Amino acid sequence: MNADLLRKYNVPGPRYTSYPAVPHWTEPPTPAERATHVSASFSRTNTAEGISLYVHLPYCESLCTYCGCNTRITVNHAVEAPYVRGVLAEWAMYRALFDEAPRIRELHLGGGTPTFFSPANLRTLVEGLLSGGVLTQDAELGFEGHPHSTTDEHLDTLHDLGFRRLSIGIQDFDPRVQAVINRVQPFTEVQRAFDAARRAGYTSINADLIHGLPLQNERSIRLTMARTLALRPDRIAFYGYAHVPWARPGQRRYTEADLPADAEKRALYELGRSLLEEAGYVEVGMDHFALPGDALYKAMVNGTLHRNFMGYTPVRTDLLIGLGVSAISDAWTCYAQNAKVVEDYLQRVDGGDLPVFRGHILSDRDLAVREVILDLMCRFSADLAPMGWSAQETTVRMALLEADGIVAVEGTRVRVTPEGRACVRNVCMAVDPYMAAPDPGRPMFSRTI
């Protein structure tokens, strides 16, 4: 991508893990409406496709300054048991809305640092979630692990409970970069975690990498890719760093002057991508790569790749229940996000209330646009006719993107070109009615490229 196009398209925009994006939620449901949407989604889809569970475990012993997640920094592990009880109490409230045993197709533990919790407390949590439910035959169970805190006992305990997927946060192997983002972990420590996971029987290991971090340069990427490829993860997420210091004060440890400039950041991604492709990895979605044979790759090939608040996944469920502080539930027709402060969350749950503080009921227009954006993000192609666009309107409204080589238009179908995939978020923005609204004058999104 040349410098002019990079400047043109590198603008703030949603990552589209949901549609509408959270800042555009404008139709909050009442508690009764939320319950109705969840119950209806469950009854409609539980038998045919099952449901997904995401559990947010926010605790970390130290702050990684790049991180945009909702975390609570502490070394006091006495917080574990009360939090597990709170999550299980919340799950019991959702279970009361179901008319039969839930068929769990996907369970993911995210954070924070899930392995902050002891193996015993994780066992209590997972056994409580699965009690009375049924794991589907193709169920995907995974968790995020920090190399420093993921022990053999963690791996064995969760494997015994059915987990086969593990995501390990690497980010960068350059010691200078690790120091400034407060994520110091030598290669030997990461290698130990990979080796232990494989010995325990994990069949899909993902490595999280980030480009655009402070002090990162070409040498950083080459070093990081060489060491990561030596570990041969099954999947690699190669994210762009999202600089949002207004939302994440930890990012103020460094300034914009420490970050690679836009063109340099893009060059770092292109370098990383070329090294991954040379090593046999295939791009399966925005920022994601997988080896042929991995479930994510197979889903891309057969057209079933899905994207939700957990990122890309090989299975689609219309009902995703988010448990824990700040977690988001998606009933397909309605979103609900939990309280963001641990104390508020636990107080609400202890009082017998679902700890939701905001949400959104999707309109018919929202639902139509949602499917289009899902197709663009997962298949780099979409038919805009369900949005009510004619072939003429599609041609007119996609003219600039087509002229820049970002998309190709055939009637009402839009296909993101291989060269334009870096701008897939921009293509989504072009069909997103909320992005046509006036700028509210406050930053909401990271840049798209």
# chains A, B, ... in the order shown; residues from 1 in each chain; ligands from 1
call {"tool": "closest_atom_pairs", "arguments": {"of": "region 72-162 of chain A", "to": "region 30-46 of chain A", "cutoff": "7 Å", "atoms": "only C-alpha atoms", "output": "tab-separated table"}}
result
residue	atom	partner	partner_atom	distance
A:Leu97	CA	A:Ser39	CA	5.6
A:Phe98	CA	A:Ser39	CA	6.0
A:Pro102	CA	A:Asn46	CA	6.5
A:Arg103	CA	A:Asn46	CA	6.1
call {"tool": "closest_atom_pairs", "arguments": {"of": "region 234-326 of chain A", "to": "region 138-161 of chain A", "cutoff": "12 Å", "atoms": "only C-alpha atoms", "output": "CSV"}}
result
residue,atom,partner,partner_atom,distance
A:Ala295,CA,A:Glu140,CA,9.8
A:Leu296,CA,A:Glu140,CA,11.2
A:Met310,CA,A:Gly142,CA,10.7
A:Thr313,CA,A:Glu140,CA,9.0
A:Pro314,CA,A:Glu140,CA,8.7
A:Val315,CA,A:Glu140,CA,8.3
A:Arg316,CA,A:Glu140,CA,11.1
A:Thr317,CA,A:Ala139,CA,11.3
call {"tool": "write_last_selection", "arguments": {"atoms": "C-alpha atoms", "output": "JSON list (two decimals), in the first residue's frame"}}
result
[["chain", "number", "residue", "atom", "x", "y", "z"],
["A", 295, "ALA", "CA", -9.80, -25.72, 12.67],
["A", 296, "LEU", "CA", -9.64, -21.99, 11.94],
["A", 310, "MET", "CA", -13.99, -13.54, 21.39],
["A", 313, "THR", "CA", -13.80, -18.75, 15.84],
["A", 314, "PRO", "CA", -14.47, -21.84, 13.70],
["A", 315, "VAL", "CA", -18.01, -22.26, 15.03],
["A", 316, "ARG", "CA", -21.00, -19.95, 14.90],
["A", 317, "THR", "CA", -23.50, -19.67, 17.70]]
call {"tool": "select_by_dssp", "arguments": {"residues": "region 128-225 of chain A", "states": "alpha helix (DSSP H)", "output": "compact mmCIF listing (two decimals) with C-alpha atoms, in the first residue's frame"}}
result
# COMPACT_ATOMS: atom_id res chain seq x y z
CA GLY A 128 -19.77 -25.26 37.92
CA LEU A 129 -20.26 -23.91 34.39
CA LEU A 130 -20.56 -27.37 32.86
CA ASP A 152 1.90 -27.82 34.37
CA GLU A 153 -0.89 -28.15 36.93
CA HIS A 154 -2.94 -25.46 35.16
CA LEU A 155 -2.48 -27.25 31.85
CA ASP A 156 -3.29 -30.70 33.22
CA THR A 157 -6.32 -29.50 35.18
CA LEU A 158 -7.92 -27.70 32.24
CA HIS A 159 -7.04 -30.50 29.81
CA ASP A 160 -8.78 -32.93 32.17
CA PRO A 175 13.98 -7.05 25.22
CA ARG A 176 13.72 -3.27 24.64
CA VAL A 177 10.10 -3.56 23.59
CA GLN A 178 9.30 -5.98 26.40
CA ALA A 179 10.73 -3.56 28.95
CA VAL A 180 8.71 -0.54 27.80
CA PHE A 187 12.15 -17.14 24.99
CA THR A 188 12.98 -20.05 27.28
CA GLU A 189 9.96 -19.26 29.45
CA VAL A 190 7.62 -19.15 26.46
CA GLN A 191 9.15 -22.32 25.03
CA ARG A 192 8.56 -24.09 28.34
CA ALA A 193 4.86 -23.19 28.19
CA PHE A 194 4.54 -24.46 24.60
CA ASP A 195 6.35 -27.70 25.37
CA ALA A 196 4.31 -28.33 28.51
CA ALA A 197 1.04 -27.69 26.65
CA ARG A 198 1.93 -30.15 23.93
CA ARG A 199 2.94 -32.78 26.46
CA ALA A 200 -0.40 -32.27 28.19
CA GLU A 218 12.25 -4.23 11.66
CA ARG A 219 14.78 -6.02 13.85
CA SER A 220 12.09 -6.57 16.49
CA ILE A 221 9.75 -8.17 13.99
CA ARG A 222 12.41 -10.41 12.48
CA LEU A 223 13.53 -11.55 15.93
CA THR A 224 9.98 -12.11 17.13
CA MET A 225 8.93 -14.01 14.03
call {"tool": "select_by_dssp", "arguments": {"residues": "region 290-371 of chain A", "states": "strand (DSSP E or B)", "output": "short mmCIF file (atom, residue, chain, number, x, y, z; two decimals) with C-alpha atoms, in the first residue's frame"}}
result
data_model
loop_
_atom_site.label_atom_id
_atom_site.label_comp_id
_atom_site.auth_asym_id
_atom_site.auth_seq_id
_atom_site.Cartn_x
_atom_site.Cartn_y
_atom_site.Cartn_z
CA ALA A 290 -3.26 -20.50 10.73
CA HIS A 306 -17.26 -16.65 12.48
CA ARG A 307 -16.36 -13.52 14.42
CA ASN A 308 -17.70 -12.36 17.77
CA GLY A 311 -12.49 -12.80 17.96
CA TYR A 312 -12.41 -15.31 15.11
CA THR A 313 -13.80 -18.75 15.84
CA LEU A 320 -22.98 -15.94 23.47
CA ILE A 321 -23.27 -15.51 27.22
CA GLY A 322 -20.56 -13.28 28.70
CA LEU A 323 -19.87 -13.83 32.40
CA ILE A 328 -20.62 -8.80 26.89
CA SER A 329 -23.52 -11.13 26.14
CA ASP A 330 -24.84 -11.40 22.59
CA CYS A 334 -29.67 -7.84 21.76
CA TYR A 335 -26.37 -6.99 23.47
CA ALA A 336 -25.73 -6.54 27.18
CA GLN A 337 -22.48 -5.55 28.90
CA ASN A 338 -21.69 -6.16 32.55
CA VAL A 356 -25.68 -5.35 33.25
CA PHE A 357 -25.03 -1.63 32.89
CA ARG A 358 -25.64 -1.04 29.19
CA GLY A 359 -26.89 -2.79 26.07
CA HIS A 360 -28.54 -2.44 22.70
CA ILE A 361 -31.54 -3.95 20.92
#
call {"tool": "atom_distance", "arguments": {"atom1": "CA of Val55 (chain A)", "atom2": "CA of Gly324 (chain A)"}}
result
5.8 Å
call {"tool": "residues_around", "arguments": {"residues": "Gly112 (chain A)", "least_positions_apart": "5", "cutoff": "7 Å", "atoms": "only C-alpha atoms", "output": "PyMOL selection string"}}
result
chain A and resi 57-60+69-71
call {"tool": "residues_around", "arguments": {"residues": "Asp353 (chain A)", "least_positions_apart": "3", "cutoff": "12 Å", "atoms": "only C-alpha atoms", "output": "PyMOL selection string"}}
result
chain A and resi 31-32+35+86+89-94+338-339+344-350+356-357
call {"tool": "closest_residue", "arguments": {"among": "A:Lys265, A:Arg123, A:Arg397, A:Arg7", "to": "Leu215 (chain A)", "atoms": "only C-alpha atoms"}}
result
A:Lys265
call {"tool": "closest_residue", "arguments": {"among": "A:Gly212, A:Leu63, A:Ala267, A:Glu100", "to": "Ala3 (chain A)", "atoms": "only C-alpha atoms"}}
result
A:Ala267
call {"tool": "atom_distance", "arguments": {"atom1": "CA of Pro418 (chain A)", "atom2": "CA of Leu275 (chain A)"}}
result
17.0 Å
call {"tool": "residues_around", "arguments": {"residues": "Leu374 (chain A)", "least_positions_apart": "5", "cutoff": "12 Å", "atoms": "only C-alpha atoms", "output": "ChimeraX atom specification"}}
result
/A:15-20,285-286,303-308,311-312,316,366-369,379-384,424-425,427-428,431-432
call {"tool": "write_last_selection", "arguments": {"atoms": "C-alpha atoms", "output": "short mmCIF file (atom, residue, chain, number, x, y, z; two decimals), in the first residue's frame"}}
result
data_model
loop_
_atom_site.label_atom_id
_atom_site.label_comp_id
_atom_site.auth_asym_id
_atom_site.auth_seq_id
_atom_site.Cartn_x
_atom_site.Cartn_y
_atom_site.Cartn_z
CA ARG A 15 -12.72 -3.40 14.96
CA TYR A 16 -16.17 -4.90 14.29
CA THR A 17 -16.12 -7.71 16.81
CA SER A 18 -19.75 -6.64 17.10
CA TYR A 19 -22.23 -4.66 15.09
CA PRO A 20 -23.17 -2.03 15.99
CA GLY A 285 -9.09 -13.19 8.60
CA MET A 286 -8.03 -9.73 9.66
CA GLY A 303 -17.00 -20.71 4.61
CA THR A 304 -18.03 -21.18 8.25
CA LEU A 305 -15.52 -18.81 9.87
CA HIS A 306 -17.26 -16.65 12.48
CA ARG A 307 -16.36 -13.52 14.42
CA ASN A 308 -17.70 -12.36 17.77
CA GLY A 311 -12.49 -12.80 17.96
CA TYR A 312 -12.41 -15.31 15.11
CA ARG A 316 -21.00 -19.95 14.90
CA ASP A 366 -28.85 -3.43 12.34
CA LEU A 367 -29.41 -7.14 11.74
CA ALA A 368 -29.09 -6.78 7.97
CA VAL A 369 -25.91 -4.71 8.22
CA ARG A 379 -15.00 -13.95 3.93
CA PHE A 380 -13.81 -10.63 2.49
CA SER A 381 -16.94 -10.58 0.34
CA ALA A 382 -20.59 -9.66 0.86
CA ASP A 383 -23.84 -9.12 -1.01
CA LEU A 384 -25.28 -5.72 -0.10
CA VAL A 424 -11.33 -4.28 5.45
CA ARG A 425 -12.40 -2.18 8.45
CA VAL A 427 -14.94 -1.24 3.78
CA CYS A 428 -17.14 -2.13 6.76
CA VAL A 431 -21.63 0.22 4.75
CA ASP A 432 -22.09 1.16 8.41
#
call {"tool": "atom_distance", "arguments": {"atom1": "CA of Pro233 (chain A)", "atom2": "CA of Pro114 (chain A)"}}
result
19.9 Å
call {"tool": "closest_atom_pairs", "arguments": {"of": "region 48-125 of chain A", "to": "region 252-255 of chain A", "cutoff": "12 Å", "atoms": "only C-alpha atoms", "output": "JSON lines"}}
result
{"residue": "A:Leu63", "atom": "CA", "partner": "A:Arg253", "partner_atom": "CA", "distance": 11.2}
{"residue": "A:Cys64", "atom": "CA", "partner": "A:Arg253", "partner_atom": "CA", "distance": 10.5}
{"residue": "A:Thr65", "atom": "CA", "partner": "A:Arg253", "partner_atom": "CA", "distance": 7.2}
{"residue": "A:Tyr66", "atom": "CA", "partner": "A:Arg253", "partner_atom": "CA", "distance": 9.3}
{"residue": "A:Cys67", "atom": "CA", "partner": "A:Arg252", "partner_atom": "CA", "distance": 11.6}
call {"tool": "write_last_selection", "arguments": {"atoms": "C-alpha atoms", "output": "compact mmCIF listing (two decimals), in the first residue's frame"}}
result
# COMPACT_ATOMS: atom_id res chain seq x y z
CA LEU A 63 0.15 -4.20 34.27
CA CYS A 64 1.18 -4.68 30.66
CA THR A 65 1.15 -1.07 29.50
CA TYR A 66 0.00 -1.82 25.93
CA CYS A 67 -3.07 -3.71 27.14
call {"tool": "closest_residue", "arguments": {"among": "A:Ala331, A:Ile170, A:Met435, A:Met387", "to": "Leu231 (chain A)", "atoms": "only C-alpha atoms"}}
result
A:Ile170
call {"tool": "closest_residue", "arguments": {"among": "A:Met377, A:Val409, A:Val282, A:Leu362", "to": "Glu27 (chain A)", "atoms": "only C-alpha atoms"}}
result
A:Leu362
call {"tool": "closest_residue", "arguments": {"among": "A:Arg413, A:Arg95, A:Lys8, A:Arg447", "to": "Ala242 (chain A)", "atoms": "only C-alpha atoms"}}
result
A:Arg447
call {"tool": "decode", "arguments": {"residues": "region 372-404 of chain A", "atoms": "C-alpha atoms", "output": "mmCIF file, in the first residue's frame"}}
result
data_model
loop_
_atom_site.group_PDB
_atom_site.id
_atom_site.type_symbol
_atom_site.label_atom_id
_atom_site.label_comp_id
_atom_site.auth_asym_id
_atom_site.auth_seq_id
_atom_site.Cartn_x
_atom_site.Cartn_y
_atom_site.Cartn_z
ATOM 1 C CA VAL A 372 -22.977 -7.999 5.707
ATOM 2 C CA ILE A 373 -20.149 -6.908 7.998
ATOM 3 C CA LEU A 374 -19.745 -10.466 9.285
ATOM 4 C CA ASP A 375 -19.294 -11.641 5.690
ATOM 5 C CA LEU A 376 -16.770 -8.893 4.968
ATOM 6 C CA MET A 377 -14.730 -9.633 8.092
ATOM 7 C CA CYS A 378 -14.808 -13.433 7.687
ATOM 8 C CA ARG A 379 -15.001 -13.951 3.929
ATOM 9 C CA PHE A 380 -13.809 -10.627 2.487
ATOM 10 C CA SER A 381 -16.943 -10.584 0.343
ATOM 11 C CA ALA A 382 -20.588 -9.664 0.858
ATOM 12 C CA ASP A 383 -23.845 -9.124 -1.008
ATOM 13 C CA LEU A 384 -25.277 -5.719 -0.097
ATOM 14 C CA ALA A 385 -28.765 -6.445 -1.441
ATOM 15 C CA PRO A 386 -30.116 -7.488 2.011
ATOM 16 C CA MET A 387 -29.306 -3.938 3.158
ATOM 17 C CA GLY A 388 -31.582 -2.631 0.430
ATOM 18 C CA TRP A 389 -28.768 -1.453 -1.830
ATOM 19 C CA SER A 390 -29.297 -1.743 -5.570
ATOM 20 C CA ALA A 391 -26.503 -2.500 -8.015
ATOM 21 C CA GLN A 392 -26.447 1.176 -8.973
ATOM 22 C CA GLU A 393 -26.229 2.363 -5.375
ATOM 23 C CA THR A 394 -23.509 -0.175 -4.646
ATOM 24 C CA THR A 395 -21.491 1.045 -7.611
ATOM 25 C CA VAL A 396 -21.867 4.683 -6.602
ATOM 26 C CA ARG A 397 -21.170 4.245 -2.887
ATOM 27 C CA MET A 398 -18.220 1.920 -3.444
ATOM 28 C CA ALA A 399 -16.733 4.010 -6.267
ATOM 29 C CA LEU A 400 -13.861 5.526 -4.275
ATOM 30 C CA LEU A 401 -12.897 2.233 -2.659
ATOM 31 C CA GLU A 402 -13.007 0.540 -6.054
ATOM 32 C CA ALA A 403 -10.949 3.289 -7.689
ATOM 33 C CA ASP A 404 -8.286 2.815 -5.025
#
